[in-house]
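Colleague: Take a look at the following structure, please.
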Amino acid sequence: IQSYPKNYRANLPRNMIENSMFEEEPDVVDLAKDSTTFPALDPDEVVYEPRSSRLLVRGLGENEMDEDEEDCESSARLLGMSFMNRSSAHRSTSSPYTRQSPPRSCSRPSARTLVVCVLFLVIVVSMTMVLYFLPECTFTKSGCRKQTTPAEPVYPISTNGEMFPWAQLRLPQSIQPLSYELTLNPDLDKMTFTGTTVITMTVRHDTKRIVLHSANLNITKATFKLGDGKATDVTVLEYKPRQQIAVKFSEELKAGQQCVLTLNYSANLSHTYDGFYNSSYSDKDGNKRVLAATQFEPLSARKAFPCFDEPSFKATFQIKISRKPDYMTLSNMPKAKTTSLPSGLQLDEFEKTSVKMSTYLVAFVVANFTPISKNVSETLVSVYSVPEKKEHTEYALDTACKLLEFYNSFFEIVYPLKKLDLVAIPDFLAGAMENWGLITFRETSLLVGKQSSLLEKQVVASVIAHELAHQWFGNLVTMSWWNDLWLNEGFATYMQYMSLQTVLPKLDIGNLFLDVRFRALEKDALNSSHAVSTEVNTPEQVEEMFDSVSYEKGASILLMLNASLPGDQQFRKGIIQYLNQFSGLNTDTDNLWNSLTQVDTHSHQNVSEMMSSWTSQKGFPLVTVDRKGDQVTLTQEHFLLTSDNLIMFCTFHSLWHIPVTYINDTCSLTLKVPQSIKWLKLNHGNTGFYIVHYGDDGWAALIDALINNVNVLTPEDRASLIHNMFALSRLGRVSFRQVLSLLNYMTNETETPPVTEALLQLNNIYRLLDKRQETDFVSRMKVRILSYFGSLMRNQTWDEEISVSKQELRSALLETACNLNVDSCIRQAKALFKKYVESNGTAHIPGDLQRVVFTVAAQSEESWSTLLEKYSKVSYDAEKRKMLQGLASTQDTRILKEGLQGNIIQTQELPLVINTVSSSFSGYLFAWDFIQENWNQLIEKFPVGSFSIQKIIKSTTSQFSTQAHLNQVQGFFSSLKERGSQMRSVQEALETIRLNQRWMDRNLPSFNEWL
Ligand SMILES: [Zn+2]
């Protein structure tokens, strides 16, 4: 799944203890006392579920980097990795995340990168980590028990009053589904459907029950057949709080037996964005057209059909859907045949899936879409949309074909299905969903107009690249459980950047990936973050895994690994091996590292050992460089912005295995750096997931070098310095004066990555000051920003711009300029809008300028109304979204209510609207009030813990920096109880406000002097 097409960042952790151990028990009865009805325990119950966490405390010792006489090679060998010379200091043509052969020569000023695996010691005291050592508890009244004495489970009560024979969130392992036959009869007039599900299963070990998932389904009839026996009616028990149903048997089902459960049911089509849900749109004649589509990941397949709804229960699926003759249907597989039913309906039957797949990947659509198609080797690739938007599908088809070809050869495993559909759904919450053979998209993530800029195409191509990568990472090989969601999402995210760099280099995706890595570091610096691989149990915790740690940090550490492996094919060979070894199966993180370790024959580096330090603990290291004479010492510690709320239960030692890269102004490869060498920059290309502090002298030397000649470092390295400096300021290691002294070089800076990073950081501070109404500092900050970027802003054109990188640069600069009320910017934007309105929409505003133009225009009441009118007429969604951002940027906050109602503005856009309203001074308090007043409605539309809710919380709270606001936010969320008080994003919000407050307290007094 792709949560948001671009530039999303949001999220984070919840205290596990509250969820896993103190969860309030619903109505339960202790049947252990009632031995007559007590079912035999099967092995699933007597064995405690292992905690999935793999927080390893590695006793790797204190290999403090030895900076003695050894030359690089020997020290590298000593440390278990060979070193590599890599790219030049000048901007290399290759991206930082595709591997390349190391250049052999070294020119001046040379850049040598030494990759050494350095082991450092860091002491981490963490409450969360302590929890891992606490004994496991199941939901029993008697609390924790020792492993040796099986707990007597406390069985809940089914809806019919009978005892429900299962007491855990996860399903028992005693039954394995083999195949499903689904027949669905949706009625789009009544918004209901009926269904029949026939599940063929095998008994893994003796048991007296079958337990599976079902949610909001009214089961009308159930029959059961064992082996070749006769089908008999059975009673289905339901326990709604866990969305489980069960059938109990008086005689044990024996291991190895096959059985068939047939369930008939009826249900309403869902009115939210998950399960089997209805959607509508207006066609070109203004008629309302309805359709039905599915979104099952992570836990909603059970809302469309009863099933074993956990990713490791893979099975085959055969699907039949009835429809009215003027509709069409789509599913994962090609259509096998259509028959006419006596009722006048048509019944479409799809081929049985040729692959075993997880339930969350099943999909179907009933609509009247039109396709365009093309063949790629054995696969028919099609893009579907509503008929009115067919002309916007060509780019997607072309891109999908190119990417499919690329992945087929990159993975050396051909996409296994005969068809691949990409479908634009008018109501769709996520960016897209990778259902096998039937990828569903939000319209903005798939459709682009002929006039669209490359930047808009970049969004579409990224989402397609991500979802196609999932056909291998996720669909072919699937994580065993949601704790390892990153195996799906981190990989798909990494592959999306990697593949586009090769397949569509013009899209210049590198800047976006760099930005994504910076933002991931910011999240992961919080105490409320979590390990990449983290235990999850409840549905809310599963939802919360769809966050930047799984996606962006996951992708970042894969880049780091690829960049640190010797040889440019090793990473690829490793993942090919992994895909082959586990094709059709489920895996956990260790399986991946083991596969990558196995192909690593050239070096002594143990991938498993290195990488598990990045996936089993939260956060990342801060590497501090200390140069004394010719000795360079590197030390590491956990880069943790807040540590004051930790309870010091125990200390333990933890460390990261960091592939350090560095660049300096000589060809030297020694770690003993002669004093004649002026500066040293670590983490070349920012491919490593860590932050570096160079100390006062180290920073001064780098700043000096940049002021003399910005080109001594690559744009990525410059951006990395800027990012790291601001991060250190937030941590309190450098003063704001040091930040400003680095920024002094900005007047010579013209490249996109450093400029956009500096703008983003400065804008954040500007907004905080603005919202505290520090008017004096606000105007001084404005002067500062203009002194760095004023001339670059003036140099920007307002015509079509071809280069993506220049579009990114231009939109960042002009949005800041207009936001700071720079006259010339406002004038230009207004003029463009006027031309656009007068031409009746035929004069095109370049895609990268639309947001700034619409935002400026929306500030006048008259233009706001014009814009709203245009909004309801424009059919091209990317443009529409930018209009919406304009509309939401003003004092007129009607737009929030409209978003909630979903008439003029689709409810799927509400998180974007809230985010935009929150960023303006006039709107941010209003947005905060709005979410408090409408919380119940919001969590009805967007599940607790979901990406959308994470984003909404972050948008409305991240700009607070006072005690009063902290109290308000704390008060509101703690009042929510089961409606979301335990969300990780709430903890993140509170932590962020405290950090804002701390930063302001520390720095405001000195602003007078420095700013
Ligand atoms: Zn995804």
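By order of appearance in the structure tokens: chains A, B, ..., then residues from 1 within every chain, and ligands from 1 in the order shown.
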So which residues are near ligand 1, meaning at most 12 Å away with only C-alpha atoms and all ligand atoms counted, given back as JSON, numbers by chain?

Modeller: {"A": [1, 2, 3, 4, 5, 297, 298, 361, 430, 431, 432, 433, 434, 435, 439, 440, 441, 462, 463, 464, 465, 466, 467, 468, 469, 470, 471, 472, 473, 474, 475, 485, 486, 487, 488, 489, 490, 491, 492, 493, 494, 495, 496, 545, 546, 547, 548, 550, 551, 552, 554, 555]}

Colleague: For Gly923 of chain A, work out the shell of residues within 8 Å, counting only C-alpha atoms and skipping chain neighbours fewer than 2 positions away, then give it as a PyMOL selection string.

Modeller: chain A and resi 889-891+893+917-921+925-927

Colleague: Could you please take those selected residues and save N, CA and C atoms as a CSV table (one decimal), in the first residue's frame?

Modeller:
chain,number,residue,atom,x,y,z
A,889,SER,N,-6.1,27.5,2.5
A,889,SER,CA,-5.0,28.3,3.1
A,889,SER,C,-5.4,29.6,3.7
A,890,THR,N,-6.7,29.9,3.7
A,890,THR,CA,-7.2,31.2,4.1
A,890,THR,C,-7.9,31.1,5.5
A,891,GLN,N,-8.5,32.3,5.9
A,891,GLN,CA,-9.2,32.4,7.1
A,891,GLN,C,-10.6,31.7,7.0
A,893,THR,N,-12.5,29.0,6.9
A,893,THR,CA,-12.3,27.6,7.3
A,893,THR,C,-13.6,26.7,7.1
A,917,VAL,N,-4.9,23.9,6.4
A,917,VAL,CA,-5.5,24.9,7.3
A,917,VAL,C,-4.6,25.1,8.5
A,918,SER,N,-4.0,24.0,9.0
A,918,SER,CA,-3.2,24.1,10.2
A,918,SER,C,-1.9,24.9,9.9
A,919,SER,N,-1.4,24.9,8.7
A,919,SER,CA,-0.1,25.6,8.5
A,919,SER,C,-0.2,27.1,8.5
A,920,SER,N,-1.5,27.6,8.3
A,920,SER,CA,-1.6,29.1,8.3
A,920,SER,C,-1.8,29.6,9.7
A,921,PHE,N,-1.4,30.8,9.9
A,921,PHE,CA,-1.6,31.4,11.2
A,921,PHE,C,-3.1,31.6,11.6
A,925,LEU,N,-5.4,27.2,15.0
A,925,LEU,CA,-6.2,27.0,16.2
A,925,LEU,C,-7.6,26.5,15.8
A,926,PHE,N,-8.1,27.0,14.7
A,926,PHE,CA,-9.4,26.5,14.2
A,926,PHE,C,-9.3,25.0,13.9
A,927,ALA,N,-8.3,24.6,13.3
A,927,ALA,CA,-8.1,23.2,12.9
A,927,ALA,C,-8.1,22.3,14.1

Colleague: Give me, as a VMD selection string, all polymer residues having an atom no more than 9 Å from Glu543 of chain A, counting only C-alpha atoms and skipping those fewer than 5 positions away in the same chain.

Modeller: chain A and resid 298 to 299 538 943 to 947

Colleague: Tell me, as a ChimeraX atom specification, which residues lie within 9 Å of segment 209-221 of chain A, counting only C-alpha atoms; anything in the same chain fewer than 3 positions away does not count.

Modeller: /A:39,165-166,171-172,174-175,233-236,238,240,242-250,252-253,262-268,300-310

Colleague: Provide the atom CA of Pro911 of chain A to atom CA of Asp274 of chain A distance in Å, to one decimal place.

Modeller: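 Answer for the atom CA of Pro911 of chain A to atom CA of Asp274 of chain A separation: 16.5 Å.
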
Colleague: To one decimal place, how far is atom CA of Gln738 of chain A from atom CA of Ala758 of chain A in Å?

Modeller: 13.9 Å

Colleague: What is the distance between atom CA of Phe960 of chain A and atom CA of Gln997 of chain A, in Å to one decimal?

Modeller: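 For atom CA of Phe960 of chain A relative to atom CA of Gln997 of chain A, the distance reads 8.0 Å.
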
Colleague: Neighbouring residues of Asp348 of chain A were defined as those with any atom within 8 Å, considering only C-alpha atoms; residues of the same chain fewer than 6 positions away were excluded. Please report them as number ranges by chain.

Modeller: A: 320-323, 329, 335-339

Colleague: Taking only C-alpha atoms into account, name the residue in A:Phe620, A:Asp776, A:Asn586, A:Lys835 that is nearest to Ala531 of chain A.

Modeller: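 Residue with the minimum atom-to-atom distance to Ala531 of chain A: A:Phe620.
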
Colleague: Excluding Thr399 of chain A and any residue of its chain fewer than 2 positions from it, enumerate the residues within 9 Å of it, using only C-alpha atoms, and give them as a VMD selection string.

Modeller: chain A and resid 394 to 397 401 to 404 460 to 461 464 to 465 503 to 504

Colleague: When DSSP is applied to the backbone of this structure, which of segment 306-410 of chain A are assigned strand (DSSP E or B)? Write them out as a VMD selection string.

Modeller: chain A and resid 307 315 to 323 328 to 331 335 to 340 346 to 350 357 364 to 367 370 to 376 379 to 385

Colleague: What parts of segment 631-829 of chain A does DSSP call alpha helix (DSSP H)? I'd like the answer as a PyMOL selection string.

Modeller: chain A and resi 695-708+715-731+736-743+752-771+775-794+804-819+823-829
